[in-house]
Amino acid sequence: MSYLLALDQGTTSSRSILFNQAGQVVASAQQTFQLNTPKTAWVEQDANEIWQSQLNTIKEVIQKAAIQAHEIRAIGIANQRETTIVWNKKTGQAIAPAIVWQDRRTSAFCQQLKDKGHESHIQHITGLMIDPYFSATKLAWILDNTPHARTLADSNELAFGTVDSWLIWNLSKGCHVTDVSNASRTMLMDIHTQQWSTPLLNLFKIPQNILPSIVASGQEITHTNKDLFGAKIPVFAAIGDQQAALFGHDCQQAGMAKNTYGTGCFMLLNTGNQVIKSTHKLLSTVAWQKTGQMTQFALEGSVFMAGAIVQWLRDNLGFIKESHEVEQLASQVKDSDGVILVPAFTGLGAPYWEPNALASISGLSRGTQKAHIARAALESIAFQVADVLHAMQQDAPVPLTELRVDGGASANNLLMQFQADILGVPVLRPTLTETTAFGAVKMAGLSCGFFNESDFSSMWQLDRCFEPQMSEDERQTRLKSWKNAIQRVIA
Ligand SMILES: Nc1ncnc2c1ncn2[C@@H]1O[C@H](COP(=O)(O)OP(=O)(O)O)[C@@H](O)[C@H]1O
Ligand SMILES: O=P(O)(O)OC[C@H](O)CO
């Protein structure tokens, strides 16, 4: 049995990636799928499409590599987090569209919770800020707005899960679990005990019987149903995709951080076995739990729009045909000529948490060209990351000496250089950009004995280091203009 299979179920696509014992990619398959926005602030996916696209890529990767399912020692799952699915346990069908992490339909409910003074005790129990981002208010919305949902829940016919649960249920045909890192994103789990919180279940009126059991990120969880691939493949890991990337970068020591530039941007700082309570509007989250070991935690800054801004330039403004063309467009000008884009298209996440903020482009003149806007768009990704890092350094004042990066937009050299410049910290991009998938297979490989901890440090290889080149004066001036633009959208 010579392979490990990573399932990387992201916001824009499902991927299956087969790794060998040296941690190298042997074959991969990817299928993109639809994100639906039926109303302003609503973002949905078809839960069945999430499953089918993942299933198709598993079959495709097995075929591409010309192997048999029994040669796969274990599966490790990494998934988009918070996205909320409720399904009927008898039929296996979702009773409503999956509500995606970016969906803001529950902002008014969140505001009511804040007005009623729940903010500090919810932060104390879960480590999270009240925001529509997390699963709790999305789940309450589905139960309250789907015909017969509460009656079905009362008769024990419903199951709730984030995407890890949904994939595991479908792969195994009936195992209902979630891993502790995903559970920490629901706003229903007590981060200190890593159990569902009864006071929060009562507050959100969530019946206990619809919840999955919480398991470690790395353990023998279940196996695939034999009918799917002709052999039972054990599932040895499930972990939220951002935590998987932290593990994939081998950021296993407290003080190490990574940033992933995908649809959104997610910076995680390992805080060891301590839950650090943020006083600067960051999230305390579970990093992972390995079999029989203490849970590891992280501080996180979640930025909602990163690569998605490039998609907006592509799909809404028609500036480019493919995302990667943005680098060439932005390189046509030496700077943004004073144009600043604040990408609050789905409100602002960390460290502002302003669900109702609207995006803006300022500093336009008669001379403004597409290239200036494209450059401002890329710079806005880096500015948001700088805001998160500044908050993080105040919460956990260990100076960051380097930032490890991954995700689709980390391929953009202009963006990475500007990121190093605006942070004043070297940015390190590894050769293996599939860091999320790699984190999932590392966790699975460790749990099933395919890998040892000592294998990991040599598996992370540097592709390129972007050293800061901007002067301190210019950095401060640029950051000040950005802060002013932010103030205008949240005022
Ligand atoms: N060269 C590039 N420059 C900037 N953004 C890019 C580039 N290539 C891809 N992207 C953006 O990265 C995102 C895809 O990255 P990926 O890590 O696959 O995302 P996810 O896991 O969220 O689905 C898309 O939003 C895309 O617009
Ligand atoms: O699908 P990604 O990679 O953009 O990640 C989404 C995050 O997990 C949302 O919290």
# chains A, B, ... in the order shown; residues from 1 in each chain; ligands from 1
>>> select_by_dssp(residues="region 34-180 of chain A", states="helix (DSSP H, G or I)", output="number ranges by chain")
A: 47-64, 69-71, 107-115, 119-126, 135-145, 149-154, 163-172, 180
>>> residues_around(residues="Thr37 (chain A)", least_positions_apart="6", cutoff="12 Å", atoms="only C-alpha atoms", output="PyMOL selection string")
chain A and resi 43-46+97-100+102-105+346
>>> residues_near_ligand(ligand="ligand 2", cutoff="9 Å", atoms="only C-alpha atoms and all ligand atoms", output="PyMOL selection string")
chain A and resi 8-13+78-83+100-102+133-134+185+240-243+260-266+302-304+306-308+407-408+436
>>> residues_around(residues="Ile486 (chain A)", least_positions_apart="2", cutoff="12 Å", atoms="only C-alpha atoms", output="count of residues only")
30
>>> residues_around(residues="region 446-455 of chain A", least_positions_apart="6", cutoff="7 Å", atoms="only C-alpha atoms", output="list in words")
Gly218, Gln219, Phe236 and Thr291 of chain A
>>> write_last_selection(atoms="C-alpha atoms", output="PDB file, in the first residue's frame")
ATOM      1  CA  GLY A 218      -5.838  12.557  13.088  1.00  0.00           C
ATOM      2  CA  GLN A 219      -7.260   9.183  14.045  1.00  0.00           C
ATOM      3  CA  PHE A 236      -7.359   8.701   8.918  1.00  0.00           C
ATOM      4  CA  THR A 291      -4.375  10.825  18.185  1.00  0.00           C
TER       5      THR A 291
END
>>> closest_residue(among="A:Val86, A:Ala374, A:Ala238, A:Ile75", to="ligand 1", atoms="only C-alpha atoms and all ligand atoms")
A:Ala374
>>> select_by_dssp(residues="region 166-360 of chain A", states="strand (DSSP E)", output="VMD selection string")
chain A and resid 177 to 179 189 to 190 195 to 196 213 to 215 218 to 223 234 to 240 257 to 261 265 to 270 283 to 288 296 to 303 340 to 342 360
>>> residues_around(residues="Val25 (chain A)", least_positions_apart="2", cutoff="10 Å", atoms="only C-alpha atoms", output="list in words")
Tyr3, Leu4, Leu5, Ile17, Leu18, Phe19, Asn20, Gln21, Ala22, Gly23, Ala27, Ser28, Leu432, Glu434, Ala437 and Phe438 of chain A
>>> closest_residue(among="A:Thr279, A:Asn413, A:Ser336, A:Gln112", to="Ile373 (chain A)", atoms="only C-alpha atoms")
A:Ser336
>>> closest_residue(among="A:Gln208, A:Ser457, A:Ser181, A:Thr285", to="Ala237 (chain A)", atoms="only C-alpha atoms")
A:Ser181
>>> residues_around(residues="Gln195 (chain A)", least_positions_apart="4", cutoff="10 Å", atoms="only C-alpha atoms", output="JSON, numbers by chain")
{"A": [180, 183, 184, 188, 189, 190, 191, 213, 214, 215]}
>>> closest_residue(among="A:Gln34, A:Asp250, A:Ala96, A:Lys370", to="ligand 1", atoms="only C-alpha atoms and all ligand atoms")
A:Gln34
>>> atom_distance(atom1="CA of Pro132 (chain A)", atom2="CA of Glu119 (chain A)")
13.1 Å
>>> residues_around(residues="Thr368 (chain A)", least_positions_apart="4", cutoff="10 Å", atoms="only C-alpha atoms", output="ChimeraX atom specification")
/A:336-339,363-364,372-373
>>> write_last_selection(atoms="N, CA and C atoms", output="PDB file, in the first residue's frame")
ATOM      1  N   SER A 336      -0.061  52.222  -7.950  1.00  0.00           N
ATOM      2  CA  SER A 336      -1.504  52.363  -8.204  1.00  0.00           C
ATOM      3  C   SER A 336      -1.897  53.832  -8.413  1.00  0.00           C
ATOM      4  N   ASP A 337      -0.911  54.730  -8.401  1.00  0.00           N
ATOM      5  CA  ASP A 337      -1.135  56.161  -8.609  1.00  0.00           C
ATOM      6  C   ASP A 337      -2.216  56.705  -7.656  1.00  0.00           C
ATOM      7  N   GLY A 338      -2.153  56.265  -6.422  1.00  0.00           N
ATOM      8  CA  GLY A 338      -3.081  56.786  -5.403  1.00  0.00           C
ATOM      9  C   GLY A 338      -4.431  56.094  -5.359  1.00  0.00           C
ATOM     10  N   VAL A 339      -4.668  55.126  -6.253  1.00  0.00           N
ATOM     11  CA  VAL A 339      -5.960  54.412  -6.217  1.00  0.00           C
ATOM     12  C   VAL A 339      -5.916  53.396  -5.071  1.00  0.00           C
ATOM     13  N   GLY A 363      -9.521  57.609  -4.911  1.00  0.00           N
ATOM     14  CA  GLY A 363      -8.289  58.135  -5.505  1.00  0.00           C
ATOM     15  C   GLY A 363      -8.281  58.076  -7.024  1.00  0.00           C
ATOM     16  N   LEU A 364      -9.475  57.988  -7.635  1.00  0.00           N
ATOM     17  CA  LEU A 364      -9.526  57.931  -9.107  1.00  0.00           C
ATOM     18  C   LEU A 364      -9.250  59.304  -9.717  1.00  0.00           C
ATOM     19  N   HIS A 372      -4.019  50.453 -13.007  1.00  0.00           N
ATOM     20  CA  HIS A 372      -3.936  51.035 -11.652  1.00  0.00           C
ATOM     21  C   HIS A 372      -4.935  50.340 -10.725  1.00  0.00           C
ATOM     22  N   ILE A 373      -6.122  50.070 -11.265  1.00  0.00           N
ATOM     23  CA  ILE A 373      -7.153  49.413 -10.427  1.00  0.00           C
ATOM     24  C   ILE A 373      -6.723  47.980 -10.121  1.00  0.00           C
TER      25      ILE A 373
END
>>> closest_residue(among="A:Gln393, A:Ser331, A:Thr178, A:Asn356", to="ligand 1", atoms="only C-alpha atoms and all ligand atoms")
A:Ser331
>>> closest_residue(among="A:Phe319, A:Phe204, A:Phe466, A:Phe229", to="Asp421 (chain A)", atoms="only C-alpha atoms")
A:Phe466
>>> atom_distance(atom1="CA of Glu71 (chain A)", atom2="CA of Asn225 (chain A)")
15.5 Å
>>> decode(residues="region 265-402 of chain A", atoms="C-alpha atoms", output="PDB file, in the first residue's frame")
ATOM      1  CA  CYS A 265      -6.922  34.990   3.039  1.00  0.00           C
ATOM      2  CA  PHE A 266      -6.324  33.182   6.271  1.00  0.00           C
ATOM      3  CA  MET A 267      -3.354  33.844   8.516  1.00  0.00           C
ATOM      4  CA  LEU A 268      -2.819  31.375  11.346  1.00  0.00           C
ATOM      5  CA  LEU A 269      -0.254  31.636  14.119  1.00  0.00           C
ATOM      6  CA  ASN A 270       0.457  28.480  16.106  1.00  0.00           C
ATOM      7  CA  THR A 271      -0.011  29.177  19.832  1.00  0.00           C
ATOM      8  CA  GLY A 272       0.918  25.676  21.055  1.00  0.00           C
ATOM      9  CA  ASN A 273      -1.354  24.067  23.611  1.00  0.00           C
ATOM     10  CA  GLN A 274      -2.625  27.438  24.862  1.00  0.00           C
ATOM     11  CA  VAL A 275      -5.867  29.121  23.888  1.00  0.00           C
ATOM     12  CA  ILE A 276      -4.800  32.774  23.568  1.00  0.00           C
ATOM     13  CA  LYS A 277      -7.758  35.096  23.972  1.00  0.00           C
ATOM     14  CA  SER A 278      -7.485  37.894  21.443  1.00  0.00           C
ATOM     15  CA  THR A 279      -7.998  41.476  22.535  1.00  0.00           C
ATOM     16  CA  HIS A 280      -7.584  42.677  18.936  1.00  0.00           C
ATOM     17  CA  LYS A 281     -10.522  40.953  17.261  1.00  0.00           C
ATOM     18  CA  LEU A 282      -8.740  37.848  16.067  1.00  0.00           C
ATOM     19  CA  LEU A 283     -10.086  34.335  16.483  1.00  0.00           C
ATOM     20  CA  SER A 284      -8.833  31.660  18.826  1.00  0.00           C
ATOM     21  CA  THR A 285      -9.228  28.367  17.067  1.00  0.00           C
ATOM     22  CA  VAL A 286      -8.242  24.720  17.319  1.00  0.00           C
ATOM     23  CA  ALA A 287      -5.239  24.008  15.096  1.00  0.00           C
ATOM     24  CA  TRP A 288      -5.459  20.205  15.312  1.00  0.00           C
ATOM     25  CA  GLN A 289      -5.500  17.243  17.604  1.00  0.00           C
ATOM     26  CA  LYS A 290      -3.338  14.232  16.849  1.00  0.00           C
ATOM     27  CA  THR A 291      -4.375  10.825  18.185  1.00  0.00           C
ATOM     28  CA  GLY A 292      -3.860  10.676  21.943  1.00  0.00           C
ATOM     29  CA  GLN A 293      -2.085  14.040  22.098  1.00  0.00           C
ATOM     30  CA  MET A 294      -2.977  17.433  23.525  1.00  0.00           C
ATOM     31  CA  THR A 295      -4.958  19.738  21.279  1.00  0.00           C
ATOM     32  CA  GLN A 296      -2.930  22.490  19.583  1.00  0.00           C
ATOM     33  CA  PHE A 297      -4.394  25.962  19.107  1.00  0.00           C
ATOM     34  CA  ALA A 298      -3.907  28.945  16.831  1.00  0.00           C
ATOM     35  CA  LEU A 299      -4.765  32.606  16.511  1.00  0.00           C
ATOM     36  CA  GLU A 300      -6.413  33.364  13.199  1.00  0.00           C
ATOM     37  CA  GLY A 301      -7.119  36.412  11.085  1.00  0.00           C
ATOM     38  CA  SER A 302      -9.781  35.621   8.478  1.00  0.00           C
ATOM     39  CA  VAL A 303      -9.987  37.977   5.496  1.00  0.00           C
ATOM     40  CA  PHE A 304     -13.029  37.315   3.312  1.00  0.00           C
ATOM     41  CA  MET A 305     -11.879  38.685  -0.057  1.00  0.00           C
ATOM     42  CA  ALA A 306      -8.450  37.888  -1.509  1.00  0.00           C
ATOM     43  CA  GLY A 307      -8.263  35.865  -4.754  1.00  0.00           C
ATOM     44  CA  ALA A 308     -11.997  36.571  -5.033  1.00  0.00           C
ATOM     45  CA  ILE A 309     -11.131  40.219  -5.794  1.00  0.00           C
ATOM     46  CA  VAL A 310      -9.241  38.987  -8.852  1.00  0.00           C
ATOM     47  CA  GLN A 311     -12.309  36.931  -9.822  1.00  0.00           C
ATOM     48  CA  TRP A 312     -14.358  40.123  -9.532  1.00  0.00           C
ATOM     49  CA  LEU A 313     -11.957  41.966 -11.886  1.00  0.00           C
ATOM     50  CA  ARG A 314     -12.252  39.008 -14.249  1.00  0.00           C
ATOM     51  CA  ASP A 315     -15.971  38.174 -14.105  1.00  0.00           C
ATOM     52  CA  ASN A 316     -17.652  41.480 -13.251  1.00  0.00           C
ATOM     53  CA  LEU A 317     -15.355  44.054 -14.847  1.00  0.00           C
ATOM     54  CA  GLY A 318     -13.948  41.897 -17.652  1.00  0.00           C
ATOM     55  CA  PHE A 319     -10.414  43.290 -17.096  1.00  0.00           C
ATOM     56  CA  ILE A 320      -8.808  39.870 -17.613  1.00  0.00           C
ATOM     57  CA  LYS A 321      -9.806  36.458 -18.938  1.00  0.00           C
ATOM     58  CA  GLU A 322      -7.829  34.305 -16.487  1.00  0.00           C
ATOM     59  CA  SER A 323      -6.905  35.101 -12.875  1.00  0.00           C
ATOM     60  CA  HIS A 324      -3.160  34.817 -13.471  1.00  0.00           C
ATOM     61  CA  GLU A 325      -3.303  37.618 -16.102  1.00  0.00           C
ATOM     62  CA  VAL A 326      -3.809  40.135 -13.301  1.00  0.00           C
ATOM     63  CA  GLU A 327      -0.072  40.145 -12.591  1.00  0.00           C
ATOM     64  CA  GLN A 328       0.809  41.180 -16.118  1.00  0.00           C
ATOM     65  CA  LEU A 329      -1.919  43.853 -16.124  1.00  0.00           C
ATOM     66  CA  ALA A 330      -0.841  45.292 -12.755  1.00  0.00           C
ATOM     67  CA  SER A 331       2.822  45.264 -13.856  1.00  0.00           C
ATOM     68  CA  GLN A 332       2.056  47.745 -16.633  1.00  0.00           C
ATOM     69  CA  VAL A 333       2.180  50.553 -14.071  1.00  0.00           C
ATOM     70  CA  LYS A 334       4.816  51.225 -11.408  1.00  0.00           C
ATOM     71  CA  ASP A 335       2.236  51.882  -8.674  1.00  0.00           C
ATOM     72  CA  SER A 336      -1.504  52.363  -8.204  1.00  0.00           C
ATOM     73  CA  ASP A 337      -1.135  56.161  -8.609  1.00  0.00           C
ATOM     74  CA  GLY A 338      -3.081  56.786  -5.403  1.00  0.00           C
ATOM     75  CA  VAL A 339      -5.960  54.412  -6.217  1.00  0.00           C
ATOM     76  CA  ILE A 340      -7.075  52.395  -3.186  1.00  0.00           C
ATOM     77  CA  LEU A 341      -9.565  49.551  -3.364  1.00  0.00           C
ATOM     78  CA  VAL A 342     -11.196  48.439  -0.112  1.00  0.00           C
ATOM     79  CA  PRO A 343     -12.652  45.024  -0.979  1.00  0.00           C
ATOM     80  CA  ALA A 344     -15.531  44.931   1.519  1.00  0.00           C
ATOM     81  CA  PHE A 345     -17.684  43.009  -0.982  1.00  0.00           C
ATOM     82  CA  THR A 346     -18.939  40.678   1.769  1.00  0.00           C
ATOM     83  CA  GLY A 347     -18.372  43.074   4.636  1.00  0.00           C
ATOM     84  CA  LEU A 348     -14.994  43.110   6.359  1.00  0.00           C
ATOM     85  CA  GLY A 349     -13.628  40.239   8.444  1.00  0.00           C
ATOM     86  CA  ALA A 350     -10.630  40.402  10.783  1.00  0.00           C
ATOM     87  CA  PRO A 351      -9.672  42.645  12.413  1.00  0.00           C
ATOM     88  CA  TYR A 352     -12.709  44.870  11.705  1.00  0.00           C
ATOM     89  CA  TRP A 353     -15.748  42.536  11.711  1.00  0.00           C
ATOM     90  CA  GLU A 354     -18.019  44.975   9.903  1.00  0.00           C
ATOM     91  CA  PRO A 355     -20.573  42.768   8.105  1.00  0.00           C
ATOM     92  CA  ASN A 356     -22.344  45.775   6.575  1.00  0.00           C
ATOM     93  CA  ALA A 357     -19.320  47.665   5.231  1.00  0.00           C
ATOM     94  CA  LEU A 358     -19.426  48.198   1.456  1.00  0.00           C
ATOM     95  CA  ALA A 359     -16.479  48.072  -0.916  1.00  0.00           C
ATOM     96  CA  SER A 360     -14.965  51.251  -2.355  1.00  0.00           C
ATOM     97  CA  ILE A 361     -12.462  52.470  -4.922  1.00  0.00           C
ATOM     98  CA  SER A 362     -10.997  55.890  -4.127  1.00  0.00           C
ATOM     99  CA  GLY A 363      -8.289  58.135  -5.505  1.00  0.00           C
ATOM    100  CA  LEU A 364      -9.526  57.931  -9.107  1.00  0.00           C
ATOM    101  CA  SER A 365      -8.399  60.586 -11.586  1.00  0.00           C
ATOM    102  CA  ARG A 366      -8.677  61.223 -15.339  1.00  0.00           C
ATOM    103  CA  GLY A 367      -5.418  59.317 -15.723  1.00  0.00           C
ATOM    104  CA  THR A 368      -6.610  56.158 -13.954  1.00  0.00           C
ATOM    105  CA  GLN A 369      -6.291  53.058 -16.088  1.00  0.00           C
ATOM    106  CA  LYS A 370      -7.337  49.444 -15.652  1.00  0.00           C
ATOM    107  CA  ALA A 371      -3.790  48.620 -14.619  1.00  0.00           C
ATOM    108  CA  HIS A 372      -3.936  51.035 -11.652  1.00  0.00           C
ATOM    109  CA  ILE A 373      -7.153  49.413 -10.427  1.00  0.00           C
ATOM    110  CA  ALA A 374      -5.680  45.937 -10.909  1.00  0.00           C
ATOM    111  CA  ARG A 375      -2.622  46.982  -8.924  1.00  0.00           C
ATOM    112  CA  ALA A 376      -4.787  48.506  -6.182  1.00  0.00           C
ATOM    113  CA  ALA A 377      -6.759  45.237  -6.082  1.00  0.00           C
ATOM    114  CA  LEU A 378      -3.614  43.176  -5.501  1.00  0.00           C
ATOM    115  CA  GLU A 379      -2.307  45.686  -2.961  1.00  0.00           C
ATOM    116  CA  SER A 380      -5.600  45.484  -1.059  1.00  0.00           C
ATOM    117  CA  ILE A 381      -4.966  41.783  -0.448  1.00  0.00           C
ATOM    118  CA  ALA A 382      -1.583  42.568   1.089  1.00  0.00           C
ATOM    119  CA  PHE A 383      -2.909  45.507   3.125  1.00  0.00           C
ATOM    120  CA  GLN A 384      -5.594  43.313   4.694  1.00  0.00           C
ATOM    121  CA  VAL A 385      -2.945  40.755   5.636  1.00  0.00           C
ATOM    122  CA  ALA A 386      -0.853  43.546   7.189  1.00  0.00           C
ATOM    123  CA  ASP A 387      -3.837  44.611   9.330  1.00  0.00           C
ATOM    124  CA  VAL A 388      -4.196  41.048  10.572  1.00  0.00           C
ATOM    125  CA  LEU A 389      -0.504  40.672  11.299  1.00  0.00           C
ATOM    126  CA  HIS A 390      -0.394  43.930  13.252  1.00  0.00           C
ATOM    127  CA  ALA A 391      -3.332  42.731  15.396  1.00  0.00           C
ATOM    128  CA  MET A 392      -1.673  39.349  15.849  1.00  0.00           C
ATOM    129  CA  GLN A 393       1.589  40.845  17.014  1.00  0.00           C
ATOM    130  CA  GLN A 394      -0.263  42.774  19.699  1.00  0.00           C
ATOM    131  CA  ASP A 395      -2.053  39.630  20.938  1.00  0.00           C
ATOM    132  CA  ALA A 396       0.995  37.371  20.874  1.00  0.00           C
ATOM    133  CA  PRO A 397       3.938  39.735  20.901  1.00  0.00           C
ATOM    134  CA  VAL A 398       6.520  37.349  19.471  1.00  0.00           C
ATOM    135  CA  PRO A 399       8.048  39.163  16.490  1.00  0.00           C
ATOM    136  CA  LEU A 400       7.356  37.245  13.305  1.00  0.00           C
ATOM    137  CA  THR A 401      10.589  36.484  11.480  1.00  0.00           C
ATOM    138  CA  GLU A 402       9.084  34.991   8.327  1.00  0.00           C
TER     139      GLU A 402
END
